[in-house]
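Engineer: Below is the file input.pdb, which contains PDB, C-alpha atoms.
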```pdb
ATOM      1  CA  MET S   1      -0.230  -2.191 -19.412  1.00  0.00           C
ATOM      2  CA  LYS S   2      -1.605   1.039 -20.862  1.00  0.00           C
ATOM      3  CA  SER S   3      -0.962  -0.214 -24.383  1.00  0.00           C
ATOM      4  CA  HIS S   4      -4.002   1.732 -25.559  1.00  0.00           C
ATOM      5  CA  LEU S   5      -2.432   5.029 -24.489  1.00  0.00           C
ATOM      6  CA  SER S   6      -0.190   6.869 -26.887  1.00  0.00           C
ATOM      7  CA  THR S   7       2.644   8.990 -25.530  1.00  0.00           C
ATOM      8  CA  VAL S   8       2.971  10.662 -28.882  1.00  0.00           C
ATOM      9  CA  GLY S   9      -0.489  11.717 -29.875  1.00  0.00           C
ATOM     10  CA  LYS S  10      -2.236  14.231 -32.078  1.00  0.00           C
ATOM     11  CA  THR S  11      -1.516  17.016 -29.599  1.00  0.00           C
ATOM     12  CA  ASP S  12       0.423  17.895 -26.461  1.00  0.00           C
ATOM     13  CA  THR S  13      -2.110  20.637 -25.767  1.00  0.00           C
ATOM     14  CA  TRP S  14      -3.984  19.666 -22.650  1.00  0.00           C
ATOM     15  CA  ILE S  15      -4.650  22.531 -20.260  1.00  0.00           C
ATOM     16  CA  THR S  16      -4.662  21.733 -16.548  1.00  0.00           C
ATOM     17  CA  PRO S  17      -8.129  22.256 -15.043  1.00  0.00           C
ATOM     18  CA  LYS S  18      -8.176  25.516 -13.101  1.00  0.00           C
ATOM     19  CA  TYR S  19      -9.435  23.888  -9.893  1.00  0.00           C
ATOM     20  CA  ILE S  20      -6.144  22.000  -9.577  1.00  0.00           C
ATOM     21  CA  THR S  21      -3.845  25.006  -9.525  1.00  0.00           C
ATOM     22  CA  ASP S  22      -6.379  27.074  -7.572  1.00  0.00           C
ATOM     23  CA  SER S  23      -6.170  24.398  -4.849  1.00  0.00           C
ATOM     24  CA  LEU S  24      -2.374  24.650  -4.694  1.00  0.00           C
ATOM     25  CA  GLY S  25      -1.899  28.388  -4.248  1.00  0.00           C
ATOM     26  CA  GLU S  26      -0.076  31.015  -6.280  1.00  0.00           C
ATOM     27  CA  PHE S  27       2.767  30.091  -8.635  1.00  0.00           C
ATOM     28  CA  ASP S  28       5.511  32.277 -10.066  1.00  0.00           C
ATOM     29  CA  LEU S  29       6.102  30.359 -13.300  1.00  0.00           C
ATOM     30  CA  ASP S  30       4.370  27.965 -15.694  1.00  0.00           C
ATOM     31  CA  PRO S  31       7.073  26.931 -18.187  1.00  0.00           C
ATOM     32  CA  CYS S  32       4.662  24.828 -20.304  1.00  0.00           C
ATOM     33  CA  ALA S  33       1.752  27.159 -20.960  1.00  0.00           C
ATOM     34  CA  HIS S  34      -0.135  26.881 -24.214  1.00  0.00           C
ATOM     35  CA  THR S  35      -0.027  29.807 -26.629  1.00  0.00           C
ATOM     36  CA  GLU S  36      -3.791  30.263 -26.104  1.00  0.00           C
ATOM     37  CA  MET S  37      -4.698  29.916 -22.424  1.00  0.00           C
ATOM     38  CA  PRO S  38      -8.255  30.199 -21.057  1.00  0.00           C
ATOM     39  CA  TRP S  39      -6.700  31.007 -17.639  1.00  0.00           C
ATOM     40  CA  PHE S  40      -3.213  31.280 -16.266  1.00  0.00           C
ATOM     41  CA  HIS S  41      -1.615  29.091 -13.615  1.00  0.00           C
ATOM     42  CA  ALA S  42       1.217  31.471 -12.714  1.00  0.00           C
ATOM     43  CA  LYS S  43       2.342  35.094 -12.749  1.00  0.00           C
ATOM     44  CA  LYS S  44       4.698  34.357 -15.648  1.00  0.00           C
ATOM     45  CA  SER S  45       4.334  31.782 -18.427  1.00  0.00           C
ATOM     46  CA  TYR S  46       6.491  30.362 -21.182  1.00  0.00           C
ATOM     47  CA  THR S  47       4.949  28.779 -24.251  1.00  0.00           C
ATOM     48  CA  ILE S  48       6.385  26.470 -26.889  1.00  0.00           C
ATOM     49  CA  ASP S  49       7.467  29.614 -28.750  1.00  0.00           C
ATOM     50  CA  ASP S  50       9.588  30.615 -25.720  1.00  0.00           C
ATOM     51  CA  ASP S  51      11.063  27.122 -25.186  1.00  0.00           C
ATOM     52  CA  GLY S  52      10.523  27.035 -21.419  1.00  0.00           C
ATOM     53  CA  LEU S  53      12.916  24.118 -21.103  1.00  0.00           C
ATOM     54  CA  SER S  54      15.837  26.331 -22.159  1.00  0.00           C
ATOM     55  CA  LYS S  55      14.894  29.250 -19.878  1.00  0.00           C
ATOM     56  CA  ILE S  56      16.042  29.950 -16.330  1.00  0.00           C
ATOM     57  CA  TRP S  57      13.277  29.066 -13.888  1.00  0.00           C
ATOM     58  CA  GLU S  58      12.731  31.263 -10.851  1.00  0.00           C
ATOM     59  CA  GLY S  59      10.402  30.945  -7.893  1.00  0.00           C
ATOM     60  CA  ARG S  60       7.596  28.496  -7.361  1.00  0.00           C
ATOM     61  CA  VAL S  61       6.882  26.536 -10.561  1.00  0.00           C
ATOM     62  CA  PHE S  62       3.754  24.735 -11.721  1.00  0.00           C
ATOM     63  CA  LEU S  63       4.598  22.175 -14.390  1.00  0.00           C
ATOM     64  CA  ASN S  64       2.252  20.108 -16.539  1.00  0.00           C
ATOM     65  CA  PRO S  65       4.863  18.847 -19.009  1.00  0.00           C
ATOM     66  CA  PRO S  66       4.203  17.480 -22.480  1.00  0.00           C
ATOM     67  CA  PHE S  67       3.575  13.759 -22.054  1.00  0.00           C
ATOM     68  CA  ASN S  68       5.446  13.062 -25.293  1.00  0.00           C
ATOM     69  CA  ARG S  69       7.936  10.266 -24.553  1.00  0.00           C
ATOM     70  CA  TYR S  70      10.650  12.030 -26.550  1.00  0.00           C
ATOM     71  CA  VAL S  71      10.782  15.102 -24.293  1.00  0.00           C
ATOM     72  CA  ILE S  72       9.201  14.291 -20.921  1.00  0.00           C
ATOM     73  CA  ASP S  73      12.426  13.105 -19.269  1.00  0.00           C
ATOM     74  CA  SER S  74      14.038  16.492 -19.967  1.00  0.00           C
ATOM     75  CA  TRP S  75      11.159  18.244 -18.188  1.00  0.00           C
ATOM     76  CA  PHE S  76      11.416  15.899 -15.177  1.00  0.00           C
ATOM     77  CA  LYS S  77      15.158  16.566 -14.967  1.00  0.00           C
ATOM     78  CA  LYS S  78      14.783  20.356 -15.162  1.00  0.00           C
ATOM     79  CA  PHE S  79      12.001  20.339 -12.558  1.00  0.00           C
ATOM     80  CA  SER S  80      14.036  18.153 -10.198  1.00  0.00           C
ATOM     81  CA  GLU S  81      17.069  20.414 -10.563  1.00  0.00           C
ATOM     82  CA  HIS S  82      14.950  23.524  -9.931  1.00  0.00           C
ATOM     83  CA  GLY S  83      13.588  21.973  -6.730  1.00  0.00           C
ATOM     84  CA  ASN S  84      10.686  24.345  -6.029  1.00  0.00           C
ATOM     85  CA  GLY S  85       7.187  23.641  -7.253  1.00  0.00           C
ATOM     86  CA  VAL S  86       4.474  21.169  -8.118  1.00  0.00           C
ATOM     87  CA  MET S  87       4.358  18.974 -11.211  1.00  0.00           C
ATOM     88  CA  LEU S  88       1.259  17.208 -12.591  1.00  0.00           C
ATOM     89  CA  VAL S  89       2.182  13.908 -14.245  1.00  0.00           C
ATOM     90  CA  SER S  90       1.056  10.369 -14.897  1.00  0.00           C
ATOM     91  CA  ALA S  91       1.607   8.198 -11.815  1.00  0.00           C
ATOM     92  CA  ALA S  92       3.979   5.892 -13.692  1.00  0.00           C
ATOM     93  CA  LEU S  93       6.080   5.109 -10.631  1.00  0.00           C
ATOM     94  CA  GLU S  94       7.872   2.222 -12.323  1.00  0.00           C
ATOM     95  CA  THR S  95       9.556   4.435 -14.922  1.00  0.00           C
ATOM     96  CA  ASP S  96      13.209   5.392 -14.948  1.00  0.00           C
ATOM     97  CA  ARG S  97      12.214   9.071 -14.804  1.00  0.00           C
ATOM     98  CA  PHE S  98      10.571   8.562 -11.396  1.00  0.00           C
ATOM     99  CA  LYS S  99      13.576   6.595 -10.154  1.00  0.00           C
ATOM    100  CA  LYS S 100      16.081   9.199 -11.393  1.00  0.00           C
ATOM    101  CA  TYR S 101      14.309  12.477 -10.692  1.00  0.00           C
ATOM    102  CA  ILE S 102      11.578  11.921  -8.080  1.00  0.00           C
ATOM    103  CA  PHE S 103      12.379   9.164  -5.590  1.00  0.00           C
ATOM    104  CA  GLY S 104      14.895  10.361  -3.038  1.00  0.00           C
ATOM    105  CA  LYS S 105      14.508  13.982  -4.185  1.00  0.00           C
ATOM    106  CA  ALA S 106      10.859  15.105  -4.107  1.00  0.00           C
ATOM    107  CA  SER S 107       9.178  16.217  -0.877  1.00  0.00           C
ATOM    108  CA  GLY S 108       5.931  14.403  -1.666  1.00  0.00           C
ATOM    109  CA  ILE S 109       3.556  12.813  -4.146  1.00  0.00           C
ATOM    110  CA  LEU S 110      -0.205  13.227  -4.073  1.00  0.00           C
ATOM    111  CA  PHE S 111      -2.286  10.547  -5.759  1.00  0.00           C
ATOM    112  CA  MET S 112      -5.334  12.340  -7.131  1.00  0.00           C
ATOM    113  CA  ASN S 113      -8.867  11.417  -6.036  1.00  0.00           C
ATOM    114  CA  HIS S 114      -9.905  10.933  -9.663  1.00  0.00           C
ATOM    115  CA  ARG S 115      -8.546  11.203 -13.171  1.00  0.00           C
ATOM    116  CA  PRO S 116      -8.840  14.836 -14.216  1.00  0.00           C
ATOM    117  CA  GLN S 117     -10.466  15.980 -17.421  1.00  0.00           C
ATOM    118  CA  PHE S 118      -7.928  18.200 -19.100  1.00  0.00           C
ATOM    119  CA  CYS S 119      -9.168  21.174 -21.075  1.00  0.00           C
ATOM    120  CA  HIS S 120      -8.832  22.534 -24.575  1.00  0.00           C
ATOM    121  CA  PRO S 121      -7.393  26.031 -25.155  1.00  0.00           C
ATOM    122  CA  ASP S 122     -10.929  27.469 -25.196  1.00  0.00           C
ATOM    123  CA  GLY S 123     -11.496  26.174 -21.637  1.00  0.00           C
ATOM    124  CA  GLN S 124     -13.876  23.366 -22.594  1.00  0.00           C
ATOM    125  CA  LYS S 125     -13.298  20.033 -20.867  1.00  0.00           C
ATOM    126  CA  ALA S 126     -12.084  17.136 -22.978  1.00  0.00           C
ATOM    127  CA  LYS S 127     -14.726  14.496 -23.693  1.00  0.00           C
ATOM    128  CA  ALA S 128     -12.969  11.904 -21.513  1.00  0.00           C
ATOM    129  CA  ASN S 129     -10.735  11.949 -18.487  1.00  0.00           C
ATOM    130  CA  SER S 130      -6.957  11.649 -18.721  1.00  0.00           C
ATOM    131  CA  GLY S 131      -7.139   7.877 -19.184  1.00  0.00           C
ATOM    132  CA  GLN S 132      -4.481   7.263 -16.576  1.00  0.00           C
ATOM    133  CA  THR S 133      -3.856   7.736 -12.883  1.00  0.00           C
ATOM    134  CA  MET S 134      -2.414  11.184 -12.232  1.00  0.00           C
ATOM    135  CA  CYS S 135      -0.300  12.503  -9.408  1.00  0.00           C
ATOM    136  CA  LEU S 136       1.127  15.781  -8.204  1.00  0.00           C
ATOM    137  CA  VAL S 137       4.809  15.786  -7.272  1.00  0.00           C
ATOM    138  CA  SER S 138       6.155  18.458  -4.925  1.00  0.00           C
ATOM    139  CA  PHE S 139       9.624  19.782  -4.299  1.00  0.00           C
ATOM    140  CA  GLY S 140      10.108  21.898  -1.186  1.00  0.00           C
ATOM    141  CA  SER S 141       8.288  22.131   2.135  1.00  0.00           C
ATOM    142  CA  GLN S 142       5.898  24.917   1.001  1.00  0.00           C
ATOM    143  CA  ASN S 143       4.800  22.754  -1.911  1.00  0.00           C
ATOM    144  CA  LEU S 144       4.422  19.640   0.224  1.00  0.00           C
ATOM    145  CA  LYS S 145       2.144  21.645   2.534  1.00  0.00           C
ATOM    146  CA  ALA S 146       0.161  22.793  -0.522  1.00  0.00           C
ATOM    147  CA  LEU S 147      -0.365  19.138  -1.547  1.00  0.00           C
ATOM    148  CA  ILE S 148      -1.479  18.154   1.954  1.00  0.00           C
ATOM    149  CA  ASP S 149      -3.877  21.105   2.232  1.00  0.00           C
ATOM    150  CA  SER S 150      -5.250  20.892  -1.332  1.00  0.00           C
ATOM    151  CA  GLY S 151      -7.945  18.257  -0.822  1.00  0.00           C
ATOM    152  CA  LEU S 152      -7.087  16.855  -4.259  1.00  0.00           C
ATOM    153  CA  GLY S 153      -6.139  13.389  -3.084  1.00  0.00           C
ATOM    154  CA  VAL S 154      -3.946  11.326  -0.820  1.00  0.00           C
ATOM    155  CA  PRO S 155      -0.414  12.642  -0.234  1.00  0.00           C
ATOM    156  CA  PHE S 156       2.552  10.381   0.349  1.00  0.00           C
ATOM    157  CA  THR S 157       5.288  12.284   2.146  1.00  0.00           C
ATOM    158  CA  GLU S 158       8.112   9.817   2.700  1.00  0.00           C
ATOM    159  CA  ILE S 159       9.496  10.099  -0.850  1.00  0.00           C
ATOM    160  CA  GLN S 160      12.965  11.221   0.196  1.00  0.00           C
ATOM    161  CA  SER S 161      13.492   8.046   2.223  1.00  0.00           C
ATOM    162  CA  LEU S 162      12.730   5.699  -0.675  1.00  0.00           C
ATOM    163  CA  ASN S 163      15.615   3.597  -1.866  1.00  0.00           C
ATOM    164  CA  THR S 164      15.927   4.082  -5.638  1.00  0.00           C
ATOM    165  CA  LYS S 165      18.375   1.209  -6.212  1.00  0.00           C
ATOM    166  CA  TYR S 166      15.850  -1.486  -7.108  1.00  0.00           C
TER
END
```
Please express what this file holds, its structure, as structure tokens.

Structural biologist:
Amino acid sequence: MKSHLSTVGKTDTWITPKYITDSLGEFDLDPCAHTEMPWFHAKKSYTIDDDGLSKIWEGRVFLNPPFNRYVIDSWFKKFSEHGNGVMLVSAALETDRFKKYIFGKASGILFMNHRPQFCHPDGQKAKANSGQTMCLVSFGSQNLKALIDSGLGVPFTEIQSLNTKY
């Protein structure tokens, strides 16, 4: 039931481990970069100061959205509308956001081999893993291929055929 997990915590600052994006290839944009990054996931980044949600997204996007329950749906919607990239999120398949923005639209979902340890802005790993099952969601054939080739977990590629009216 994940009742021990808070979706509004002390911080939304959890940097994606570099090995994840390195395994997926080059990205054009990271619209949720932290203001102090130990490494970059894309050629161009927006931080909270830039308000990446309000910007026009171009090219192949890597998205690790804030997991804050008050804003995460907006990030899912924007990513789904953009339709080109890979998003790292909790594998909460039962949520309305998955039903509205992922099922029937995404090209694939990869269930990760293990729970990643996110990093602090200085690059140090957090003391514990993410505390929840994580997945990578792809939009577009290039990004589906990146999931399949990444070695990060088990991809499920029949997302577009799922019936979301349940």

Engineer: Is it possible to get the residues within 7 Å of (11.7, 19.3, -4.4) (coordinates as in the file, counting only C-alpha atoms) written as a ChimeraX atom specification?

Structural biologist: /S:80,83-85,105-107,138-140

Engineer: Could you tell me, as a ChimeraX atom specification, which residues have any atom at most 12 Å from (-2.4, 24.9, -3.3), counting all atoms listed in the file?

Structural biologist: /S:18-27,41,60-62,85-87,110,136,138,142-152

Engineer: Calculated over only C-alpha atoms, which of the candidates S:Asp28, S:Tyr70, S:Glu94, S:Pro116 has the smallest distance to Lys43 of chain S?

Structural biologist: S:Asp28

Engineer: Could you check the closest approach to Thr16 of chain S for each of S:Val71, S:Ile56, S:Leu29, S:Val89 and tell me which residue wins, using all atoms listed in the file?

Structural biologist: S:Val89

Engineer: So the first atom is atom CA of Cys135 of chain S and the second is atom CA of Lys55 of chain S; what is the distance between them in Å, to one decimal place?

Structural biologist: 24.9 Å

Engineer: Go through S:Pro155, S:Gly59, S:Pro121, S:Gly52 and flag the residue nearest Thr35 of chain S, using all atoms listed in the file for the distances.

Structural biologist: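 Closest candidate: S:Pro121.
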
Engineer: Evaluate the PyMOL selection byres ((chain S and resi 34) around 8) against this structure - the residues, as a ChimeraX atom specification, please.

Structural biologist: /S:13,15,32-33,35-37,47-48,121

Engineer: Please write the residues from the selection above to a file, keeping C-alpha atoms, as an mmCIF file, keeping the file's coordinate frame.

Structural biologist:
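Final output, saved to result-v1.cif:
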```cif
data_model
loop_
_atom_site.group_PDB
_atom_site.id
_atom_site.type_symbol
_atom_site.label_atom_id
_atom_site.label_comp_id
_atom_site.auth_asym_id
_atom_site.auth_seq_id
_atom_site.Cartn_x
_atom_site.Cartn_y
_atom_site.Cartn_z
ATOM 1 C CA THR S 13 -2.110 20.637 -25.767
ATOM 2 C CA ILE S 15 -4.650 22.531 -20.260
ATOM 3 C CA CYS S 32 4.662 24.828 -20.304
ATOM 4 C CA ALA S 33 1.752 27.159 -20.960
ATOM 5 C CA THR S 35 -0.027 29.807 -26.629
ATOM 6 C CA GLU S 36 -3.791 30.263 -26.104
ATOM 7 C CA MET S 37 -4.698 29.916 -22.424
ATOM 8 C CA THR S 47 4.949 28.779 -24.251
ATOM 9 C CA ILE S 48 6.385 26.470 -26.889
ATOM 10 C CA PRO S 121 -7.393 26.031 -25.155
#
```

Engineer: Just how far from atom CA of Leu53 of chain S is atom CA of Ile72 of chain S, in Å to one decimal?

Structural biologist: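 Separating atom CA of Ile72 of chain S from atom CA of Leu53 of chain S is a distance of 10.5 Å.
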
Engineer: Quick one: distance from atom CA of Phe103 of chain S to atom CA of Phe67 of chain S in Å, one decimal?

Structural biologist: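 Interatomic distance, atom CA of Phe103 of chain S to atom CA of Phe67 of chain S: 19.2 Å.
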
Engineer: Taking into account all atoms listed in the file, which residue in the set S:Gly153, S:Pro65, S:Pro31, S:Pro17 is nearest to Ser45 of chain S?

Structural biologist: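 Ranked by minimum distance to Ser45 of chain S, first place goes to S:Pro31.
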
Engineer: To box segment 85-95 of chain S, take all atoms listed in the file, fit an axis-aligned box, add 5 Å on each side, and give centre and edge lengths in Å to one decimal, as AutoDock Vina command-line options.

Structural biologist:
```
--center_x 5.3 --center_y 12.9 --center_z -11.1 --size_x 18.5 --size_y 31.4 --size_z 17.7
```

Engineer: Using only C-alpha atoms for the distances, tell me which of S:Val137, S:Asp30, S:Leu88, S:Trp75 is nearest to Phe118 of chain S.

Structural biologist: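 Looking only at the distances to Phe118 of chain S, the closest residue turns out to be S:Leu88.
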
Engineer: Give me the residues near Cys119 of chain S as a list of chain:residue names, where near means some atom within 6 Å (using all atoms listed in the file) and where sequence neighbours in that chain fewer than 4 positions away do not count.

Structural biologist: S:Trp14, S:Ile15, S:Gly123, S:Gln124, S:Lys125, S:Ala126

Engineer: Evaluate the PyMOL selection byres ((chain S and resi 134) around 7) and record the selected residues as a JSON list (two decimals) with C-alpha atoms, in the coordinates of the input, following the chain and residue labels used in the document.

Structural biologist:
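Saved the output as part14.json:
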```
[["chain", "number", "residue", "atom", "x", "y", "z"],
["S", 89, "VAL", "CA", 2.18, 13.91, -14.24],
["S", 90, "SER", "CA", 1.06, 10.37, -14.90],
["S", 91, "ALA", "CA", 1.61, 8.20, -11.82],
["S", 111, "PHE", "CA", -2.29, 10.55, -5.76],
["S", 112, "MET", "CA", -5.33, 12.34, -7.13],
["S", 115, "ARG", "CA", -8.55, 11.20, -13.17],
["S", 132, "GLN", "CA", -4.48, 7.26, -16.58],
["S", 133, "THR", "CA", -3.86, 7.74, -12.88],
["S", 135, "CYS", "CA", -0.30, 12.50, -9.41]]
```

Engineer: For Lys77 of chain S, list every protein, DNA or RNA residue within 9 Å, evaluated using all atoms listed in the file, and leave out those in the same chain fewer than 6 positions away; present the list as a PyMOL selection string.

Structural biologist: chain S and resi 97+100-101
